[in-house]
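K.L.:
Below you'll find the structure I mean.
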Amino acid sequence: MSMKSKKPPSSRDWRSQDPAYHAESERYADPIPSRQLILDRLEAHAGPLTLDDLIGQFSLSKLDQQTALSKRLQAMVRQGELVQNRVGAYGPLGKMNAIAGTVQAHRDGFGFLVPDSGPPDVFLPPRQMRELMNGDRALVRVTGTDFKGRPEGSVVEVLRRASRQVVGRLHIEQGASYVIPDNPRVQQDVLIPPDARAGARHGQMVVAEITAPPGHRTLPVGRVLEILGEHLAPGMEIEAAIRAHNLPNVFPEDVLREAEAIPDTVQPQQFEGRIDLRKLGLVTIDGADSRDFDDAVHARKVRFTGGWLLTVAIADVAAYVRPGTALDREGSERGNSVYFPDRAIPMLPEKLSNGLCSLNPNVDRLCMVCEMRVNGDGEVTKSRFFEGVMRSDARLVYDDVAAALDGEAGRVPDKVLPALKVLNECFGALFKAREARGAIDFESSETRIVFGADRKIERIVPVQRNRAHRLIEECMIAANVEAAKFVAKHKLAAPYRVHEKPDAMKVQALREFLQAQGLKLGGGDNPEAMDYAKLMARCKDRTNRSLIQTVMLRSLMQARYSADNNGHFGLALTHYAHFTSPIRRYPDLLLHRGLKHLIHRRKVSDFAYSAGDIERNSAHCSMTERRADDATRDAVVWLKCEYMSDRVGEEFDGVVSGVAPFGLFVMLGDLHVDGLVHVSSLSNDYYQFEPRHHRLIGDRSGRVYNLGDAVRVRVTRVNLDERKIDLEMVGGESGKSSSSIQGKRPESPRNPSKSHRGKRR
């Protein structure tokens with residue numbers, strides 16, 4: 001480090017105003033202004049500033065400092081923190097009327113920009129999507145609103161192209177070759193020149209690299225990189241989904257080397273400074289097919305004062321995955337583990353995810369612990385976090401624990417049963433507190449695909465949540481809340497799990513629907529979770545309660561990660577973060593690092609992550625979560641279509657799960673498979689769509705098809721390429737309202753793949 005950089009900055013120097021100067025001077029011999037200071041200066045200035053203006057503002061006389069500032073400004077433009085105008089001047093996004101985000105395309109030609117800063121999404125009409133592809137990062141300027149009242153935008157600049165690879169089926173017709181992308185969000189077919197097929201045949205699944213992006217009037221052009229195989233080969237749906245959604249699925253050599261260099265067992269020197277919980281009686285409770293266990297629980301009665309001491313121990317992944325390492329880089333890039341019906345893509349190598357960081361029974365494991373005092377009303381009156389070492393007494397399964405709590409003997413080891421009963425009492429209090437604060441508790445039902453020989457689906461079976469699922473869920477929510485409160489109290493930058501209040505227009509649409517049902521949502525223009533909960537309670541005994549639940553769910557926002565603590569609407573919480581799954585979620589790992597920083601009583605200013613770093617990580621992890629959901633959904637839809645392809649001509653009982661101008665979506669009974677009854681296949685009549693009431697009405701016959709109606713349908717066609725199942729009505733009559741309609745499920749604070757897969761909050 002140069003002598004000059006070691007001098008204490010004067011009060012008039014930019015260095016004295018830079019909150020990140022200390023960190024910058026540790027990394028560079030000649031530090032330059034941090035991103036935060038650059039943003040502050042540009043925000044305070046009346047207009048955009050050029051590079052020369054900023055060099056003068058900061059009095060940067062050295063050429064290497066000037067060059068470094070230029071590179072930093074360009075990086076900030078690429079990452080969507082700044083906008084550079086036509087004359088080369090820089091300004092903050094807000095002042096330049098631009099929004100940075102990720103493009104999410106729709107199969108029907110339009111798209112949305114998902115802003116880094118959070119909702120609302122910006123609608124991009126088809127003409128704006130012509131030169132964009134799903135996953136591109138772009139700057140967009142809001143130009144008005146669309147017919148639904150959503151902000152509508154135009155593209156200012158493409159910041160970064162998405163992965164240049166697509167997966168799809170190769171078609172060769174009349175000398176022309178093109179790949180139809182498997183990902184429905186990739187709207188354009190990819191032209192393949194004859195000399196770029198790499199030997200691929202018509203109909204094969206291939207991976208193509210885009211060599212020229214789409215233009216205003218031209219399709220993207222590419223070349224075949226890899227031939228995956230025949231369209232219906234076993235396992236092709238997962239291979240296609242992995243590549244179609246650009247899921248990292250092979251660990252680089254340096255990552256594997258780092259993992260292998262870690263000892264296979266916890267070393268005695270690692271116990272230093274940790275609290276020993278090995279004799280406490282902690283247990284893990286997971287699904288029967290789980291292989292990694294990242295949380296353990298225990299509760300004991302507190303004498304005299306009443307209540308319970310609840311202990312939630314979480315695998316200490318941060319003890320092994322250090323910032324700046326190859327393991328950390330890969331975990332950050334992946335963002336989360338991805339769970340397909342019979343295969344997982346872990347965030348971390350198996351050495352950690354199923355080994356050292358999995359709380360397997362009867363072995364020592366390092367852990368991060370949240371210890372909470374819970375009173376008789378289910379309120380956490382006091383909590384603390386510390387580093388511990390533990391040994392799980394038993395690996396328990398949800399169904400066995402639920403049966404044991406219902407009095408069935410022999411389902412769990414006798415030595416853990418008394419502690420489970422105490423834990424169950426604590427859960428009862430926590431759940432009452434949940435109901436008292438008005439958390440929304442939607443009914444849900446999910447499925448599990450059972451495979452037979454040659455990996456063909458044998459059956460699709462429903463998976464029901466039981467008391468053990470809820471018990472673990474409430475324990476995890478309690479720990480997540482306390483973790484969020486702890487970092488917020490100390491004003492430490494951390495990724496919060498936020499769920500904003502519903503959009504006003506969606507709430508209005510919900511109110512109109514409820515009015516037709518003779519119901520009312522309380523709360524005026526700004527309903528709270530309690531208003532939703534009260535409405536659900538009033539609908540409890542109605543035959544169409546699931547219909548009402550579905551429409552309520554559609555009015556809610558999607559949960560995401562953010563550096564801002566905006567609370568969690570669905571859970572009716574002012575503080576919420578993800579603390580309990582650092583093996584499979586990178587935001588949890590970041591939160592653990594923040595907690596460790598505070599546990600060791602270090603200064604907040606010395607924390608390795610700024611608020612900007614956390615926000616960038618939060619935006620990325622929100623994206624990887626959506627990416628994982630899309631990939632697993634695509635694979636499951638493929639499998640279900642393949643399963644139904646052998647059932648063309650068969651009849652099924654179903655429920656209308658969606659109503660659109662072009663027809664009815666019907667969920668087929670216990671199969672939980674959706675198909676479409678196109679409006680043209682309905683009886684000899686013209687049907688009008690009434691979005692307010694979610695129904696179709698025949699002009700002549702007056703026949704009504706409502707969301708939630710029970711119907712009888714026949715499978716007429718299955719299109720695997722388009723993932724579509726065509727149905728027709730049997731008898732043509734609208735059925736009675738059904739209570740088995742499915743909707744989005746609320747989030748479990750655990751990873752849903754372990755117990756129940758679905759939407760995550």
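Chain labels follow the order of the structure tokens: the first chain is A, the next B, and so on; residue numbering restarts at 1 in every chain, and ligands are counted from 1 in their shown order.
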Per residue of range 331-422 of chain A within 10 Å of range 484-499 of chain A, note the shortest atom pair and the distance in Å to one decimal, counting only C-alpha atoms, and order the rows by chain and increasing residue number, as JSON lines.

P.N.:
{"residue": "A:Ser383", "atom": "CA", "partner": "A:Phe486", "partner_atom": "CA", "distance": 9.0}
{"residue": "A:Arg384", "atom": "CA", "partner": "A:Phe486", "partner_atom": "CA", "distance": 8.7}
{"residue": "A:Phe385", "atom": "CA", "partner": "A:Phe486", "partner_atom": "CA", "distance": 8.8}

K.L.:
Tell me which protein, DNA and RNA residues are within 6 Å of Phe340 in chain A, counting only C-alpha atoms, leaving out same-chain ones fewer than 3 positions away, and put them as a PyMOL selection string.

P.N.:
chain A and resi 343-344+632

K.L.:
Take the residues just selected and output them with N, CA and C atoms as a compact mmCIF listing (two decimals), in the first residue's frame.

P.N.:
# COMPACT_ATOMS: atom_id res chain seq x y z
N ARG A 343 -34.71 -36.52 -8.64
CA ARG A 343 -33.32 -36.10 -8.74
C ARG A 343 -33.18 -34.71 -8.15
N ALA A 344 -32.04 -34.45 -7.53
CA ALA A 344 -31.78 -33.13 -6.96
C ALA A 344 -30.49 -32.57 -7.52
N THR A 632 -38.57 -27.04 -12.52
CA THR A 632 -39.24 -28.21 -11.94
C THR A 632 -40.68 -28.31 -12.45

K.L.:
Need to verify the contact set: Gly410 in chain A, 9 Å, only C-alpha atoms, exclusion of same-chain residues closer than 4 positions in sequence. Can you return it as a PyMOL selection string?

P.N.:
chain A and resi 400+404+414

K.L.:
Just to be explicit: take each residue in the selection above, keep N, CA, C and O atoms, and write the result as a compact mmCIF listing (two decimals), in the first residue's frame.

P.N.:
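For reference, out.txt as written:
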# COMPACT_ATOMS: atom_id res chain seq x y z
N ASP A 400 -44.45 -40.76 10.82
CA ASP A 400 -44.25 -41.48 12.08
C ASP A 400 -44.48 -40.57 13.28
O ASP A 400 -45.10 -40.98 14.28
N ALA A 404 -47.29 -41.02 16.10
CA ALA A 404 -46.90 -41.15 17.50
C ALA A 404 -47.63 -40.12 18.37
O ALA A 404 -48.08 -40.43 19.49
N ASP A 414 -38.71 -44.96 21.88
CA ASP A 414 -39.28 -44.59 23.17
C ASP A 414 -38.52 -43.44 23.83
O ASP A 414 -39.12 -42.60 24.52

K.L.:
Using only C-alpha atoms, which residue out of A:Ala529, A:Val677, A:Ala608, A:Ala259 lies closest to Leu556 in chain A?

P.N.:
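Closest to Leu556 in chain A, using only C-alpha atoms: A:Ala529.
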
K.L.:
Considering only C-alpha atoms, return as an MDAnalysis selection string whatever protein or nucleic-acid residues lie within 12 Å of Leu42 in chain A, sequence-local ones (same chain, fewer than 4 positions apart) excluded.

P.N.:
chainID A and resid 35:38 46:51 53:54 57 73 81:84 89:96

K.L.:
Go ahead and save the residues from that selection, with C-alpha atoms, as a compact mmCIF listing (two decimals), in the first residue's frame.

P.N.:
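Output (selection-v8.txt):
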# COMPACT_ATOMS: atom_id res chain seq x y z
CA ARG A 35 -20.08 2.58 -5.59
CA GLN A 36 -22.11 4.00 -2.73
CA LEU A 37 -20.25 7.30 -2.72
CA ILE A 38 -20.54 7.58 -6.51
CA ALA A 46 -28.54 18.54 -10.38
CA GLY A 47 -27.78 16.60 -13.56
CA PRO A 48 -25.79 13.67 -15.00
CA LEU A 49 -21.99 13.79 -14.74
CA THR A 50 -19.38 12.61 -17.23
CA LEU A 51 -16.28 10.64 -16.35
CA ASP A 53 -16.73 15.56 -14.19
CA LEU A 54 -16.41 12.79 -11.62
CA GLN A 57 -15.24 15.97 -8.26
CA LEU A 73 -18.69 3.19 -13.78
CA GLU A 81 -26.96 0.73 -10.94
CA LEU A 82 -26.36 3.64 -13.34
CA VAL A 83 -27.55 4.80 -16.75
CA GLN A 84 -25.19 6.34 -19.31
CA ALA A 89 -22.88 11.22 -18.82
CA TYR A 90 -23.88 9.00 -15.90
CA GLY A 91 -26.91 9.25 -13.67
CA PRO A 92 -28.81 7.11 -11.12
CA LEU A 93 -31.66 5.00 -12.45
CA GLY A 94 -34.36 6.93 -10.64
CA LYS A 95 -33.27 10.31 -11.97
CA MET A 96 -32.77 8.91 -15.47

K.L.:
Quote the spacing between CA of Pro263 in chain A and CA of Asp364 in chain A in Å to one decimal place.

P.N.:
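It comes out at 12.9 Å.
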
K.L.:
So that I can check the surroundings of Val507 in chain A, please list as a list of chain:residue names every protein, DNA and RNA residue that reaches within 12 Å of it, counting only C-alpha atoms and ignoring chain neighbours fewer than 4 positions away.

P.N.:
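Everything that qualifies: A:Lys501, A:Pro502, A:Asp503, A:Arg511, A:Glu512, A:Phe513, A:Leu514, A:Lys520, A:Leu521, A:Gly522, A:Gly523, A:Gly524, A:Asp525, A:Asn526, A:Pro527, A:Glu528, A:Asp531, A:Tyr532, A:Val551, A:Met552, A:Leu553, A:Arg554, A:Ser555, A:Leu556, A:Met557.
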
K.L.:
Write out as a Markdown table a residue-level contact list of range 600-644 of chain A versus range 13-26 of chain A with cut-off 10 Å: for each qualifying residue the closest pair of atoms and the distance in Å to one decimal, counting only C-alpha atoms, rows sorted by chain and residue number upward.

P.N.:
| residue | atom | partner | partner_atom | distance |
| --- | --- | --- | --- | --- |
| A:Ser605 | CA | A:Pro19 | CA | 8.4 |
| A:Asp606 | CA | A:Ala23 | CA | 8.0 |
| A:Phe607 | CA | A:Ala23 | CA | 9.6 |
| A:Ala608 | CA | A:Ala23 | CA | 8.4 |
| A:Ser610 | CA | A:Ala20 | CA | 8.4 |

K.L.:
Could you check how far CA of Ser70 in chain A sits from CA of Asn85 in chain A, in Å to one decimal?

P.N.:
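Here the two named atoms are 15.0 Å from each other.
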
K.L.:
Mind checking DSSP for range 99-186 of chain A and telling me the strand (DSSP E) residues as an MDAnalysis selection string?

P.N.:
chainID A and resid 99:105 111:115 122:124 137:145 151:160 165:173 176:181

K.L.:
Neighbours of Ile99 in chain A within 10 Å (only C-alpha atoms; same-chain residues fewer than 4 positions away dropped), as a ChimeraX atom specification?

P.N.:
/A:80-83,92-94,113-117,122,138-142,153,155-156

K.L.:
Could you dump the residues just selected with C-alpha atoms as a PDB file, in the first residue's frame?

P.N.:
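Written output follows (part-v4.pdb):
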ATOM      1  CA  GLY A  80     -28.063  -1.696 -13.653  1.00  0.00           C
ATOM      2  CA  GLU A  81     -26.961   0.733 -10.937  1.00  0.00           C
ATOM      3  CA  LEU A  82     -26.361   3.643 -13.338  1.00  0.00           C
ATOM      4  CA  VAL A  83     -27.547   4.795 -16.751  1.00  0.00           C
ATOM      5  CA  PRO A  92     -28.808   7.113 -11.119  1.00  0.00           C
ATOM      6  CA  LEU A  93     -31.659   4.997 -12.450  1.00  0.00           C
ATOM      7  CA  GLY A  94     -34.364   6.934 -10.636  1.00  0.00           C
ATOM      8  CA  LEU A 113     -39.239  -6.695 -16.666  1.00  0.00           C
ATOM      9  CA  VAL A 114     -38.821  -8.009 -13.122  1.00  0.00           C
ATOM     10  CA  PRO A 115     -37.086  -5.038 -11.431  1.00  0.00           C
ATOM     11  CA  ASP A 116     -34.063  -5.579  -9.206  1.00  0.00           C
ATOM     12  CA  SER A 117     -35.678  -3.200  -6.732  1.00  0.00           C
ATOM     13  CA  VAL A 122     -43.146  -3.609 -15.976  1.00  0.00           C
ATOM     14  CA  ALA A 138     -32.205  -4.742 -19.508  1.00  0.00           C
ATOM     15  CA  LEU A 139     -32.867  -1.116 -18.696  1.00  0.00           C
ATOM     16  CA  VAL A 140     -36.468  -0.076 -19.285  1.00  0.00           C
ATOM     17  CA  ARG A 141     -38.154   3.311 -19.206  1.00  0.00           C
ATOM     18  CA  VAL A 142     -41.772   3.425 -18.014  1.00  0.00           C
ATOM     19  CA  GLY A 153     -42.199   0.238 -20.624  1.00  0.00           C
ATOM     20  CA  VAL A 155     -36.321  -0.874 -23.686  1.00  0.00           C
ATOM     21  CA  VAL A 156     -33.498   1.637 -23.180  1.00  0.00           C
TER      22      VAL A 156
END

K.L.:
What does the distance from CA of Leu277 in chain A to CA of Ile262 in chain A come to in Å, to one decimal?

P.N.:
23.0 Å
